[in-house]
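Asker: upload27.txt is reproduced below (compact mmCIF, C-alpha atoms).
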```txt
# COMPACT_ATOMS: atom_id res chain seq x y z
CA MET A 659 123.87 62.33 68.91
CA PRO A 660 125.41 60.28 71.74
CA GLY A 661 126.31 56.64 71.20
CA LYS A 662 128.17 56.92 67.89
CA TRP A 663 131.44 55.56 69.20
CA LEU A 664 129.60 52.85 71.12
CA LEU A 665 127.97 51.72 67.90
CA ALA A 666 131.32 51.81 66.09
CA PHE A 667 132.85 49.67 68.82
CA ALA A 668 129.92 47.23 68.65
CA ARG A 669 130.46 46.73 64.90
CA LEU A 670 134.01 45.60 65.62
CA VAL A 671 132.88 42.99 68.14
CA PHE A 672 129.31 41.83 67.54
CA SER A 673 127.63 40.32 64.52
CA PRO A 674 125.15 42.37 62.48
CA ALA A 675 122.29 40.29 63.89
CA ALA A 676 123.32 41.00 67.48
CA ILE A 677 123.75 44.71 66.71
CA SER A 678 120.30 45.06 65.15
CA ALA A 679 118.56 42.95 67.80
CA VAL A 680 120.19 44.27 70.98
CA ILE A 681 122.76 47.05 70.57
CA GLU A 682 120.85 49.46 68.31
CA PRO A 683 117.65 49.34 70.45
CA THR A 684 119.72 50.06 73.58
CA ILE A 685 121.44 53.05 71.98
CA GLY A 686 118.13 54.17 70.47
CA ASP A 687 116.46 54.29 73.89
CA MET A 688 119.31 56.42 75.17
CA ARG A 689 119.02 58.81 72.23
CA ILE A 690 115.26 59.16 72.63
CA GLU A 691 115.63 60.02 76.32
CA TRP A 692 118.53 62.37 75.57
CA SER A 693 116.64 64.23 72.83
CA ASP A 694 113.53 64.80 74.95
CA PRO A 695 112.77 68.53 74.53
CA ASP A 696 111.51 68.76 78.12
CA ALA A 697 114.73 67.29 79.59
CA ASP A 698 117.20 69.66 81.20
CA ALA A 699 121.00 69.34 81.05
CA SER A 700 121.25 67.12 84.13
CA ALA A 701 118.56 64.78 82.77
CA LYS A 702 120.48 64.42 79.52
CA VAL A 703 123.67 63.60 81.40
CA ARG A 704 121.84 60.93 83.40
CA ALA A 705 120.38 59.50 80.19
CA LYS A 706 123.86 59.21 78.66
CA LEU A 707 125.24 57.58 81.78
CA ARG A 708 122.41 55.03 81.85
CA GLY A 709 122.99 54.28 78.18
CA TYR A 710 126.73 53.76 78.65
CA VAL A 711 126.17 51.52 81.67
CA ALA A 712 123.61 49.47 79.76
CA PHE A 713 125.97 49.10 76.76
CA TRP A 714 128.95 47.91 78.79
CA THR A 715 126.71 45.60 80.78
CA ILE A 716 125.65 43.99 77.51
CA VAL A 717 129.29 43.64 76.50
CA ALA A 718 130.13 41.96 79.79
CA ILE A 719 127.24 39.49 79.77
CA SER A 720 126.99 38.96 76.00
CA PRO A 721 128.50 35.43 76.00
CA ILE A 722 125.76 34.24 78.38
CA ALA A 723 122.91 36.50 77.33
CA PHE A 724 123.19 35.78 73.62
CA SER A 725 123.62 32.07 74.15
CA ARG A 726 120.29 31.98 76.03
CA LEU A 727 118.43 34.25 73.65
CA SER A 728 115.48 32.12 72.60
CA GLY A 729 113.89 32.34 69.19
CA SER A 730 116.98 33.92 67.57
CA PRO A 731 119.07 31.12 66.06
CA GLU A 732 120.73 33.59 63.72
CA ILE A 733 122.17 35.50 66.65
CA GLN A 734 123.32 32.30 68.30
CA ARG A 735 125.05 31.09 65.13
CA SER A 736 126.63 34.37 64.20
CA ASN A 737 127.63 35.66 67.62
CA GLY A 738 130.93 33.79 67.70
CA MET A 739 133.85 36.20 67.43
CA SER A 740 136.48 35.79 64.77
CA ALA A 741 140.19 35.97 65.54
CA ALA A 742 140.33 39.54 64.23
CA SER A 743 137.32 40.56 66.33
CA SER A 744 138.89 38.95 69.41
CA ILE A 745 142.13 40.87 68.93
CA ARG A 746 140.23 44.11 68.38
CA LEU A 747 138.20 43.48 71.53
CA MET A 748 141.35 42.94 73.61
CA LEU A 749 143.05 46.00 72.16
CA ILE A 750 140.04 48.27 72.63
CA LEU A 751 139.30 47.18 76.20
CA SER A 752 142.99 47.40 77.10
CA VAL A 753 143.13 50.96 75.78
CA VAL A 754 139.92 51.83 77.62
CA GLY A 755 141.37 50.30 80.80
CA LEU A 756 144.62 52.25 80.37
CA GLY A 757 142.68 55.48 79.98
CA ALA A 758 140.43 54.75 82.95
CA GLY A 759 143.43 53.82 85.11
CA TYR A 760 145.25 57.00 84.09
CA LEU A 761 142.25 59.18 84.91
CA TYR A 762 141.75 57.39 88.23
CA GLY A 763 145.43 57.85 89.11
CA ARG A 764 145.30 61.55 88.24
CA ALA A 765 142.21 61.93 90.42
CA GLN A 766 144.02 60.56 93.48
CA PRO A 767 145.38 63.23 95.86
CA VAL A 768 149.15 63.69 95.87
CA LEU A 769 150.24 63.12 99.46
CA TYR A 770 153.51 63.88 101.22
CA ARG A 771 154.83 62.63 104.55
CA SER A 772 157.31 64.16 106.97
CA VAL A 773 158.91 62.33 109.89
CA ALA A 774 160.54 63.53 113.12
CA VAL A 775 162.58 61.15 115.28
CA ILE A 776 162.58 61.57 119.06
CA GLN A 777 164.73 59.88 121.70
CA ILE A 778 164.10 59.46 125.40
CA VAL A 779 167.24 60.64 127.22
CA GLN A 780 167.87 59.13 130.63
CA PRO A 781 168.49 61.35 133.70
CA ARG A 782 171.92 62.95 134.01
CA VAL A 783 172.12 62.04 137.71
CA PRO A 784 172.41 58.70 139.57
CA ASP A 785 169.25 56.60 139.55
CA THR A 786 169.22 56.49 143.35
CA ILE A 787 168.24 60.13 143.47
CA LEU A 788 165.23 59.54 141.20
CA LYS A 789 164.09 56.18 142.50
CA ALA A 790 161.13 57.86 144.14
CA SER A 791 159.77 58.71 140.70
CA THR A 792 159.39 55.43 138.81
CA PRO A 793 159.88 55.91 135.03
CA LEU A 794 157.33 54.46 132.61
CA SER A 795 158.10 52.21 129.65
CA LEU A 796 158.45 53.71 126.17
CA SER A 797 155.04 52.46 125.03
CA ASP A 798 153.38 53.78 128.19
CA ARG A 799 155.09 57.17 127.82
CA MET A 800 154.00 57.38 124.16
CA ARG A 801 150.38 56.50 124.94
CA ALA A 802 150.22 58.93 127.85
CA THR A 803 151.70 61.75 125.77
CA GLU A 804 149.56 61.01 122.70
CA ALA A 805 146.39 61.23 124.77
CA THR A 806 147.21 64.87 125.50
CA ILE A 807 148.72 65.88 122.16
CA LEU A 808 145.94 64.35 120.03
CA SER A 809 143.19 66.03 122.00
CA ARG A 810 140.62 67.96 120.02
CA THR A 811 141.74 71.29 121.47
CA ARG A 812 145.36 70.82 120.36
CA LEU A 813 144.52 69.50 116.89
CA GLU A 814 141.84 72.11 116.24
CA HIS A 815 144.38 74.81 117.04
CA ILE A 816 146.83 73.30 114.49
CA VAL A 817 144.10 73.01 111.85
CA LYS A 818 143.26 76.69 112.20
CA GLU A 819 146.88 77.83 112.44
CA PHE A 820 147.97 76.12 109.20
CA ASN A 821 144.55 76.22 107.49
CA LEU A 822 144.56 72.44 107.02
CA TYR A 823 141.81 70.67 105.05
CA SER A 824 140.62 74.04 103.76
CA GLU A 825 138.13 72.55 101.28
CA ARG A 826 136.64 70.22 103.87
CA GLN A 827 136.28 73.09 106.33
CA LYS A 828 133.69 74.61 103.97
CA THR A 829 131.33 71.63 104.18
CA GLU A 830 132.25 69.58 107.27
CA VAL A 831 132.15 70.18 110.99
CA MET A 832 135.40 70.59 112.90
CA GLU A 833 134.90 67.33 114.78
CA ASP A 834 135.12 65.33 111.53
CA ILE A 835 138.17 67.29 110.37
CA VAL A 836 139.96 66.66 113.67
CA ALA A 837 139.14 62.96 113.34
CA GLN A 838 140.71 62.96 109.86
CA MET A 839 143.82 64.67 111.21
CA ARG A 840 144.17 61.99 113.89
CA ARG A 841 144.17 59.39 111.09
CA ASP A 842 146.89 61.34 109.27
CA ILE A 843 149.14 61.36 112.37
CA SER A 844 151.00 58.26 113.44
CA THR A 845 153.69 57.36 115.97
CA ALA A 846 155.78 54.21 116.10
CA PRO A 847 158.66 52.96 118.24
CA LEU A 848 161.92 52.38 116.37
CA LYS A 849 164.86 50.97 118.34
CA GLY A 850 165.57 51.20 122.01
CA ASP A 851 164.25 54.48 123.43
CA VAL A 852 163.69 56.04 120.00
CA PHE A 853 160.34 56.60 118.27
CA GLN A 854 159.06 58.60 115.32
CA VAL A 855 156.22 61.04 114.75
CA GLN A 856 154.88 61.54 111.23
CA TYR A 857 152.15 63.49 109.48
CA THR A 858 150.70 63.07 105.98
CA GLY A 859 149.18 65.86 103.88
CA VAL A 860 149.01 67.48 100.45
CA ASN A 861 151.47 70.37 100.86
CA PRO A 862 155.05 69.23 101.60
CA VAL A 863 156.05 72.49 103.31
CA ILE A 864 152.95 72.58 105.51
CA VAL A 865 153.36 68.88 106.26
CA MET A 866 156.90 69.54 107.50
CA LYS A 867 155.76 72.45 109.69
CA VAL A 868 152.91 70.43 111.20
CA THR A 869 155.30 67.58 111.97
CA GLU A 870 157.66 70.05 113.64
CA ARG A 871 154.79 71.34 115.76
CA LEU A 872 153.73 67.84 116.78
CA ALA A 873 157.32 66.96 117.72
CA SER A 874 157.58 70.13 119.82
CA PHE A 875 154.38 69.13 121.61
CA PHE A 876 156.00 65.80 122.50
CA LEU A 877 159.07 67.57 123.89
CA GLU A 878 157.04 70.04 125.92
CA GLU A 879 154.66 67.41 127.22
CA SER A 880 157.52 65.15 128.30
CA LEU A 881 158.85 67.92 130.58
CA LYS A 882 155.41 68.64 132.00
CA ASP A 883 154.70 64.95 132.48
CA GLY A 884 157.98 64.43 134.33
CA GLN A 885 157.24 67.37 136.61
CA ARG A 886 153.69 66.14 137.25
CA ARG A 887 154.90 62.67 138.17
CA ALA A 888 157.64 64.03 140.46
CA GLU A 889 155.24 66.47 142.11
CA GLY A 890 152.68 63.72 142.56
CA THR A 891 155.24 61.43 144.19
CA ARG A 892 156.41 64.16 146.54
CA SER A 893 152.83 65.06 147.47
CA PHE A 894 152.04 61.42 148.21
CA LEU A 895 155.13 61.01 150.37
CA GLU A 896 154.34 64.22 152.26
CA SER A 897 150.93 62.83 153.19
CA GLU A 898 152.49 59.52 154.19
CA VAL A 899 155.02 61.27 156.41
CA GLU A 900 152.28 63.27 158.12
CA GLU A 901 150.12 60.18 158.65
CA THR A 902 153.06 58.18 160.05
CA ALA A 903 154.00 61.03 162.41
CA ARG A 904 150.43 61.13 163.67
CA ARG A 905 150.47 57.37 164.31
CA LEU A 906 153.80 57.69 166.13
CA ALA A 907 152.34 60.31 168.45
CA GLU A 908 149.33 58.09 169.20
CA VAL A 909 151.48 55.02 169.92
CA ASN A 910 153.81 57.06 172.17
CA ALA A 911 150.80 58.30 174.13
CA ASP A 912 149.40 54.78 174.49
CA LEU A 913 152.81 53.51 175.58
CA GLU A 914 153.05 56.10 178.36
CA HIS A 915 149.69 55.02 179.70
CA ALA A 916 150.63 51.34 179.49
CA GLY A 917 153.75 51.81 181.62
CA ARG A 918 156.29 48.97 181.81
CA GLY A 919 153.92 46.02 182.08
CA ALA A 920 153.50 43.10 179.69
CA SER A 921 150.72 44.96 177.85
CA ALA A 922 153.26 47.54 176.71
CA MET A 923 155.26 45.04 174.63
CA PRO A 924 152.99 45.18 171.49
CA LYS A 925 153.06 48.96 171.65
CA ARG A 926 156.86 48.96 171.76
CA LEU A 927 156.99 46.72 168.67
CA GLU A 928 154.52 48.91 166.81
CA LEU A 929 156.51 51.97 167.79
CA GLU A 930 159.72 50.43 166.42
CA VAL A 931 158.03 49.58 163.11
CA LEU A 932 156.59 53.07 162.77
CA GLN A 933 159.93 54.69 163.58
CA ASN A 934 161.68 52.67 160.86
CA ARG A 935 158.92 53.50 158.35
CA TYR A 936 159.09 57.17 159.33
CA LYS A 937 162.84 57.28 158.65
CA GLU A 938 162.35 55.58 155.27
CA LEU A 939 159.56 57.98 154.28
CA ILE A 940 161.67 60.99 155.26
CA THR A 941 164.49 59.70 153.01
CA ARG A 942 162.12 59.07 150.10
CA ARG A 943 160.52 62.49 150.55
CA GLU A 944 163.92 64.15 150.23
CA GLU A 945 164.63 62.11 147.10
CA ALA A 946 161.27 63.14 145.65
CA ALA A 947 162.04 66.78 146.39
CA ALA A 948 165.37 66.37 144.58
CA ALA A 949 163.56 64.77 141.64
CA VAL A 950 161.18 67.73 141.42
CA ASN A 951 164.11 70.12 141.43
CA LEU A 952 165.88 68.16 138.69
CA GLN A 953 162.77 68.10 136.52
CA ARG A 954 162.41 71.84 136.89
CA ARG A 955 166.06 72.26 135.84
CA GLN A 956 165.42 69.84 132.92
CA MET A 957 167.97 67.33 134.17
CA GLY A 958 165.58 64.39 134.55
CA GLU A 959 164.33 61.94 131.93
CA GLN A 960 163.02 63.81 128.88
CA PHE A 961 162.32 63.65 125.14
CA VAL A 962 165.00 65.04 122.82
CA LEU A 963 164.61 65.72 119.10
CA LEU A 964 167.02 63.34 117.39
CA ASP A 965 166.11 63.95 113.74
CA PRO A 966 163.98 67.02 112.87
CA ALA A 967 161.21 66.97 110.27
CA ARG A 968 162.22 67.64 106.67
CA ILE A 969 160.39 68.60 103.50
CA ALA A 970 159.42 65.45 101.61
CA GLN A 971 161.04 65.31 98.17
CA GLN A 972 158.77 62.62 96.72
CA PRO A 973 155.05 61.95 97.22
CA ILE A 974 153.96 58.74 98.85
CA GLY A 975 151.75 56.15 97.20
CA PRO A 976 151.87 54.58 93.73
CA PRO A 977 152.68 56.86 90.77
CA VAL A 978 150.13 57.44 88.03
CA PHE A 979 151.67 54.88 85.67
CA VAL A 980 150.94 52.11 88.18
CA TYR A 981 147.24 52.97 88.09
CA THR A 982 147.46 53.19 84.29
CA LEU A 983 149.02 49.75 83.97
CA GLY A 984 146.54 48.35 86.45
CA GLY A 985 143.66 49.70 84.38
CA GLY A 986 145.15 48.20 81.23
CA VAL A 987 145.50 44.81 82.89
CA ALA A 988 141.93 45.03 84.18
CA GLY A 989 140.65 45.90 80.69
CA LEU A 990 142.57 43.00 79.19
CA GLY A 991 141.17 40.72 81.88
CA VAL A 992 137.60 41.76 81.06
CA ALA A 993 138.26 41.08 77.39
CA MET A 994 139.65 37.64 78.20
CA LEU A 995 136.58 36.83 80.29
CA ILE A 996 134.31 37.87 77.43
CA LEU A 997 136.29 35.73 74.97
CA LEU A 998 136.29 32.81 77.40
CA GLY A 999 132.53 33.05 77.78
CA SER A 1000 132.13 33.18 74.00
CA PHE A 1001 134.36 30.12 73.59
CA LEU A 1002 132.47 28.16 76.23
CA ARG A 1003 129.16 29.09 74.59
CA ARG A 1004 130.34 27.92 71.19
CA PHE A 1005 131.87 24.78 72.69
CA SER A 1006 128.70 23.83 74.57
CA GLY A 1007 126.61 24.68 71.51
CA GLY A 1008 128.76 22.48 69.32
CA ARG A 1009 128.47 19.57 71.73
CA GLY A 1010 124.72 20.01 71.75
CA ASP A 1011 124.61 19.88 67.94
CA ILE A 1012 126.68 16.70 67.92
CA GLU A 1013 124.68 15.00 70.65
CA GLY A 1014 121.40 16.01 69.02
CA ALA A 1015 122.39 14.93 65.51
CA PRO A 1016 120.55 11.85 64.13
CA ALA A 1017 122.51 8.61 64.20
```
Could you spell out this file's structure in structure tokens?
Answerer:
Amino acid sequence: MPGKWLLAFARLVFSPAAISAVIEPTIGDMRIEWSDPDADASAKVRAKLRGYVAFWTIVAISPIAFSRLSGSPEIQRSNGMSAASSIRLMLILSVVGLGAGYLYGRAQPVLYRSVAVIQIVQPRVPDTILKASTPLSLSDRMRATEATILSRTRLEHIVKEFNLYSERQKTEVMEDIVAQMRRDISTAPLKGDVFQVQYTGVNPVIVMKVTERLASFFLEESLKDGQRRAEGTRSFLESEVEETARRLAEVNADLEHAGRGASAMPKRLELEVLQNRYKELITRREEAAAAVNLQRRQMGEQFVLLDPARIAQQPIGPPVFVYTLGGGVAGLGVAMLILLGSFLRRFSGGRGDIEGAPA
């Protein structure tokens, strides 16, 4: 029958009166529900769980509950714990806490993390050649690249390629799995133009491979991004050159009609301004064309792998013994609270006896 060890524990802590009045009826209700012939296995498990919860709830609130138990002076007088009972209570709850902490620690997933370090290498040509393509800051480059790399299409491809989150794939939709993978990926700037990419998972080898893949995406995307920016700058300057040439033709035509009179002076000034702008745009267009050529030859600003991903040798997170010790401390703390409540009950009861005694 269930509840035997609970009853044995209660005899070490509570008085016989408290056991017969409260503990035994609680365990008896659990046994009656558990032994119901019509109950299936799941119903019996639920009955045991309810009984255990009820028992430990009584243990936790016993200093207050027993002190307010009306009509039972024997329980109130005898509920005070002796020194031996107090020590046993602390030992038992500490052991229970140690066991619970150990089981909780073993239930936690063992996670590993791999890190790749990437550096932004400046162009290998004078800055004057690339001034038409304004470089972004490190944080802006990282955000722009992350937006592409962490897209659902990219991450879903990685999930399927490495069979990540295999158990969750059986019960969850891919959108939720991709969202979890985004949480397991992180990037952070380090020093200067250096930043790191890291991924966390359960298999150290797979974690390393996924980190390698993510780092390669950063390298590839940096080249594409540089080419896109250079092409965009050149395309913009081409349109500006064409528009300025059109305006020059219009001003020249207006100037011919105006002749040499005073009305021609504003047109001459406008023509001079447009000619200077046209020369500047031509120069910038040539620089933009050179920037595009350099990006295609991979000589412009780009990401370079500084430190490749490695297989993690140790898991991250607290080891099991930390959870075990934490559970032991928590169990000891519960025992101390119970003993403190018992002491306060006895102390307040004693003061009441003294104040109520006849003079």
Asker: Please list as a list in words every residue within 9 Å of Phe979 of chain A, counting only C-alpha atoms and excluding residues in the same chain fewer than 5 positions away.
Answerer: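 Skipping anything fewer than 5 positions along the chain leaves Gly759, Tyr760, Gly763 and Gly984 of chain A.
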Asker: Just want the 10 Å neighbourhood of Asp842 of chain A, counted on all atoms listed in the file, with same-chain residues fewer than 4 positions away dropped. Output as an NGL selection string.
Answerer: :A and (771 or 836-838 or 856-859)
Asker: Near Phe875 of chain A, counting only C-alpha atoms, which residues have an atom at most 10 Å away, once you skip same-chain residues fewer than 3 positions from it, shown as a list in words?
Answerer: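 Contacts, with the query itself left out: Thr803, Glu804, Thr806, Ile807, Leu808, Arg812, Thr869, Glu870, Arg871, Leu872, Glu878, Glu879 and Ser880 of chain A.
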Asker: Give me, please, the distance in Å between atom CA of Ala765 of chain A and atom CA of Ser844 of chain A, quoted to one decimal.
Answerer: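 Atom CA of Ala765 of chain A sits 24.9 Å away from atom CA of Ser844 of chain A.
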Asker: Taking only C-alpha atoms into account, name the residue in A:Tyr981, A:Phe667, A:Phe820, A:Phe853 that is nearest to Gln766 of chain A.
Answerer: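 With only C-alpha atoms as the atom set, the closest residue is A:Tyr981.
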Asker: Dump as a ChimeraX atom specification all residues having an atom at most 12 Å from (155.3, 53.4, 164.8), computed in the file's coordinates with all atoms listed in the file.
Answerer: /A:899,901-913,924-937
